[in-house]
Amino acid sequence: MPNHWGLVVLDLANMNIYFDDRPTSVVPPTVRPAIKELLHMLAEMHPSHPNLQTQFWQRCNYLSRFGMPSQAPVDSRMIGTGGCGIGVIMAAKAFLEKGSLYIRNFQWRYCDMDLHRKDLMLQILNWSV
């Protein structure tokens, strides 16, 4: 079974649901029902949130992709093809910082993944101090 490092983005302000993991893979069939169940639970927990009460997700039969950068190799060493997990972490960080402004507008590339890994490891090491 393939390993999916997918990320779901719930844009409650604009009532959109996004998913992405790699440009070539399909959304696993369990993702959409799981998102709908999660949103149903959130609506029960937060009955005064207007966008949760509209239950827009019940009409959501298709998840838009949020546009992860291409993982095409840039040289014979296959630089740019790895780092799915780091890519998901970076995408999540971007959405937490800037919200839906990053939909199809990422400022990083997989071909720079060696630098991204190093930066992430340095950040983790700084947290331990």
# chains A, B, ... in the order shown; residues from 1 in each chain; ligands from 1
call {"tool": "select_by_dssp", "arguments": {"residues": "region 9-60 of chain A", "states": "helix (DSSP H, G or I)", "output": "JSON, numbers by chain"}}
result
{"A": [31, 32, 33, 34, 35, 36, 37, 38, 39, 40, 41, 42, 43, 44, 45, 50, 51, 52, 53, 56, 57, 58, 59]}
call {"tool": "residues_around", "arguments": {"residues": "region 50-58 of chain A", "least_positions_apart": "2", "cutoff": "9 Å", "atoms": "only C-alpha atoms", "output": "list in words"}}
result
Leu12, Ala13, Asn14, Met15, Asn16, Ile17, Ile35, Lys36, Leu39, His40, Leu42, Ala43, Glu44, His46, Pro47, Ser48, Cys60 and Asn61 of chain A
call {"tool": "write_last_selection", "arguments": {"atoms": "N, CA and C atoms", "output": "short mmCIF file (atom, residue, chain, number, x, y, z; two decimals), in the first residue's frame"}}
result
data_model
loop_
_atom_site.label_atom_id
_atom_site.label_comp_id
_atom_site.auth_asym_id
_atom_site.auth_seq_id
_atom_site.Cartn_x
_atom_site.Cartn_y
_atom_site.Cartn_z
N LEU A 12 -12.57 27.44 6.31
CA LEU A 12 -13.93 27.69 6.78
C LEU A 12 -14.44 29.06 6.36
N ALA A 13 -13.54 30.05 6.29
CA ALA A 13 -13.96 31.40 5.92
C ALA A 13 -14.58 31.42 4.52
N ASN A 14 -13.99 30.66 3.60
CA ASN A 14 -14.48 30.63 2.22
C ASN A 14 -15.26 29.36 1.91
N MET A 15 -15.47 28.52 2.91
CA MET A 15 -16.21 27.26 2.80
C MET A 15 -15.68 26.39 1.67
N ASN A 16 -14.37 26.14 1.71
CA ASN A 16 -13.72 25.26 0.75
C ASN A 16 -12.91 24.20 1.50
N ILE A 17 -12.76 23.05 0.86
CA ILE A 17 -11.94 21.97 1.40
C ILE A 17 -10.94 21.60 0.33
N ILE A 35 -13.30 13.70 6.51
CA ILE A 35 -13.42 15.16 6.65
C ILE A 35 -14.85 15.55 7.00
N LYS A 36 -15.81 14.94 6.32
CA LYS A 36 -17.22 15.26 6.60
C LYS A 36 -17.59 14.91 8.03
N LEU A 39 -15.97 17.53 10.37
CA LEU A 39 -16.71 18.80 10.34
C LEU A 39 -18.06 18.69 11.05
N HIS A 40 -18.69 17.54 10.94
CA HIS A 40 -19.95 17.33 11.65
C HIS A 40 -19.72 17.41 13.17
N LEU A 42 -17.23 19.02 14.65
CA LEU A 42 -16.91 20.42 14.98
C LEU A 42 -18.18 21.26 15.05
N ALA A 43 -19.14 21.00 14.17
CA ALA A 43 -20.41 21.74 14.19
C ALA A 43 -21.16 21.48 15.48
N GLU A 44 -21.10 20.26 15.97
CA GLU A 44 -21.75 19.95 17.25
C GLU A 44 -21.03 20.62 18.41
N HIS A 46 -19.23 23.42 18.22
CA HIS A 46 -19.28 24.89 18.09
C HIS A 46 -20.57 25.28 17.37
N PRO A 47 -21.70 25.15 18.05
CA PRO A 47 -22.99 25.40 17.39
C PRO A 47 -23.21 26.85 16.95
N SER A 48 -22.41 27.79 17.46
CA SER A 48 -22.63 29.18 17.07
C SER A 48 -21.76 29.60 15.89
N CYS A 60 -20.11 18.68 -0.60
CA CYS A 60 -18.76 18.59 -1.16
C CYS A 60 -18.47 17.17 -1.64
N ASN A 61 -18.56 16.98 -2.94
CA ASN A 61 -18.27 15.67 -3.53
C ASN A 61 -16.92 15.63 -4.21
#
call {"tool": "residues_around", "arguments": {"residues": "Met90 (chain A)", "least_positions_apart": "4", "cutoff": "12 Å", "atoms": "only C-alpha atoms", "output": "list in words"}}
result
Trp5, Leu7, Met68, Pro69, Gly83, Cys84, Gly85, Ile86, Ala94, Phe95, Leu96, Glu97, Tyr102, Phe106, Gln107, Trp108, Arg109, Tyr110, Met113, His116, Arg117, Asp119 and Leu120 of chain A
call {"tool": "write_last_selection", "arguments": {"atoms": "C-alpha atoms", "output": "PDB file, in the first residue's frame"}}
result
ATOM      1  CA  TRP A   5       1.692  12.187   3.076  1.00  0.00           C
ATOM      2  CA  LEU A   7      -2.636  17.340   3.814  1.00  0.00           C
ATOM      3  CA  MET A  68       1.717  21.330  -4.041  1.00  0.00           C
ATOM      4  CA  PRO A  69       4.846  22.267  -6.010  1.00  0.00           C
ATOM      5  CA  GLY A  83      10.741  15.049   0.592  1.00  0.00           C
ATOM      6  CA  CYS A  84       6.983  14.467   0.568  1.00  0.00           C
ATOM      7  CA  GLY A  85       6.829  14.568   4.366  1.00  0.00           C
ATOM      8  CA  ILE A  86       8.854  17.764   4.579  1.00  0.00           C
ATOM      9  CA  ALA A  94       2.446  28.163   5.108  1.00  0.00           C
ATOM     10  CA  PHE A  95      -1.308  27.719   5.645  1.00  0.00           C
ATOM     11  CA  LEU A  96      -0.986  28.358   9.380  1.00  0.00           C
ATOM     12  CA  GLU A  97       0.956  31.551   8.709  1.00  0.00           C
ATOM     13  CA  TYR A 102      -0.943  29.980  -0.330  1.00  0.00           C
ATOM     14  CA  PHE A 106       3.793  28.252  -2.651  1.00  0.00           C
ATOM     15  CA  GLN A 107       7.083  30.076  -2.309  1.00  0.00           C
ATOM     16  CA  TRP A 108       9.252  26.930  -1.973  1.00  0.00           C
ATOM     17  CA  ARG A 109      10.271  24.174  -4.378  1.00  0.00           C
ATOM     18  CA  TYR A 110      11.084  20.506  -3.968  1.00  0.00           C
ATOM     19  CA  MET A 113      14.519  20.110  -0.406  1.00  0.00           C
ATOM     20  CA  HIS A 116      14.400  22.737   3.611  1.00  0.00           C
ATOM     21  CA  ARG A 117      15.371  19.558   5.506  1.00  0.00           C
ATOM     22  CA  ASP A 119      16.289  24.311   8.118  1.00  0.00           C
ATOM     23  CA  LEU A 120      13.608  22.076   9.639  1.00  0.00           C
TER      24      LEU A 120
END
call {"tool": "atom_distance", "arguments": {"atom1": "CA of Ala72 (chain A)", "atom2": "CA of Gly6 (chain A)"}}
result
17.7 Å
call {"tool": "closest_residue", "arguments": {"among": "A:Asp21, A:Leu63, A:Trp127, A:Pro33", "to": "Gly87 (chain A)", "atoms": "only C-alpha atoms"}}
result
A:Asp21
call {"tool": "closest_residue", "arguments": {"among": "A:Lys118, A:His49, A:Ser76, A:Arg65", "to": "Phe19 (chain A)", "atoms": "only C-alpha atoms"}}
result
A:Arg65
call {"tool": "atom_distance", "arguments": {"atom1": "CA of Met45 (chain A)", "atom2": "CA of Asp11 (chain A)"}}
result
17.7 Å
call {"tool": "atom_distance", "arguments": {"atom1": "CA of Phe66 (chain A)", "atom2": "CA of Ile103 (chain A)"}}
result
4.9 Å
call {"tool": "select_by_dssp", "arguments": {"residues": "chain A", "states": "strand (DSSP E)", "output": "list in words"}}
result
Leu7, Val8, Val9, Leu10, Asp11, Asn16, Ile17, Tyr18, Phe19 and Asp20 of chain A
call {"tool": "write_last_selection", "arguments": {"atoms": "N, CA and C atoms", "output": "PDB file, in the first residue's frame"}}
result
ATOM      1  N   LEU A   7      -2.258  16.263   2.914  1.00  0.00           N
ATOM      2  CA  LEU A   7      -2.636  17.340   3.814  1.00  0.00           C
ATOM      3  C   LEU A   7      -4.020  17.821   3.410  1.00  0.00           C
ATOM      4  N   VAL A   8      -4.885  17.990   4.391  1.00  0.00           N
ATOM      5  CA  VAL A   8      -6.223  18.521   4.183  1.00  0.00           C
ATOM      6  C   VAL A   8      -6.238  19.946   4.726  1.00  0.00           C
ATOM      7  N   VAL A   9      -6.776  20.856   3.947  1.00  0.00           N
ATOM      8  CA  VAL A   9      -6.905  22.244   4.369  1.00  0.00           C
ATOM      9  C   VAL A   9      -8.392  22.576   4.394  1.00  0.00           C
ATOM     10  N   LEU A  10      -8.867  22.976   5.566  1.00  0.00           N
ATOM     11  CA  LEU A  10     -10.261  23.388   5.733  1.00  0.00           C
ATOM     12  C   LEU A  10     -10.288  24.908   5.768  1.00  0.00           C
ATOM     13  N   ASP A  11     -10.772  25.504   4.729  1.00  0.00           N
ATOM     14  CA  ASP A  11     -10.893  26.955   4.639  1.00  0.00           C
ATOM     15  C   ASP A  11     -12.330  27.311   5.009  1.00  0.00           C
ATOM     16  N   ASN A  16     -14.374  26.138   1.714  1.00  0.00           N
ATOM     17  CA  ASN A  16     -13.723  25.257   0.753  1.00  0.00           C
ATOM     18  C   ASN A  16     -12.915  24.202   1.496  1.00  0.00           C
ATOM     19  N   ILE A  17     -12.761  23.047   0.862  1.00  0.00           N
ATOM     20  CA  ILE A  17     -11.942  21.968   1.400  1.00  0.00           C
ATOM     21  C   ILE A  17     -10.936  21.600   0.330  1.00  0.00           C
ATOM     22  N   TYR A  18      -9.665  21.549   0.727  1.00  0.00           N
ATOM     23  CA  TYR A  18      -8.594  21.225  -0.202  1.00  0.00           C
ATOM     24  C   TYR A  18      -7.833  20.006   0.297  1.00  0.00           C
ATOM     25  N   PHE A  19      -7.251  19.285  -0.649  1.00  0.00           N
ATOM     26  CA  PHE A  19      -6.397  18.150  -0.332  1.00  0.00           C
ATOM     27  C   PHE A  19      -5.287  18.101  -1.375  1.00  0.00           C
ATOM     28  N   ASP A  20      -4.114  17.715  -0.923  1.00  0.00           N
ATOM     29  CA  ASP A  20      -3.036  17.477  -1.873  1.00  0.00           C
ATOM     30  C   ASP A  20      -1.987  16.612  -1.205  1.00  0.00           C
TER      31      ASP A  20
END
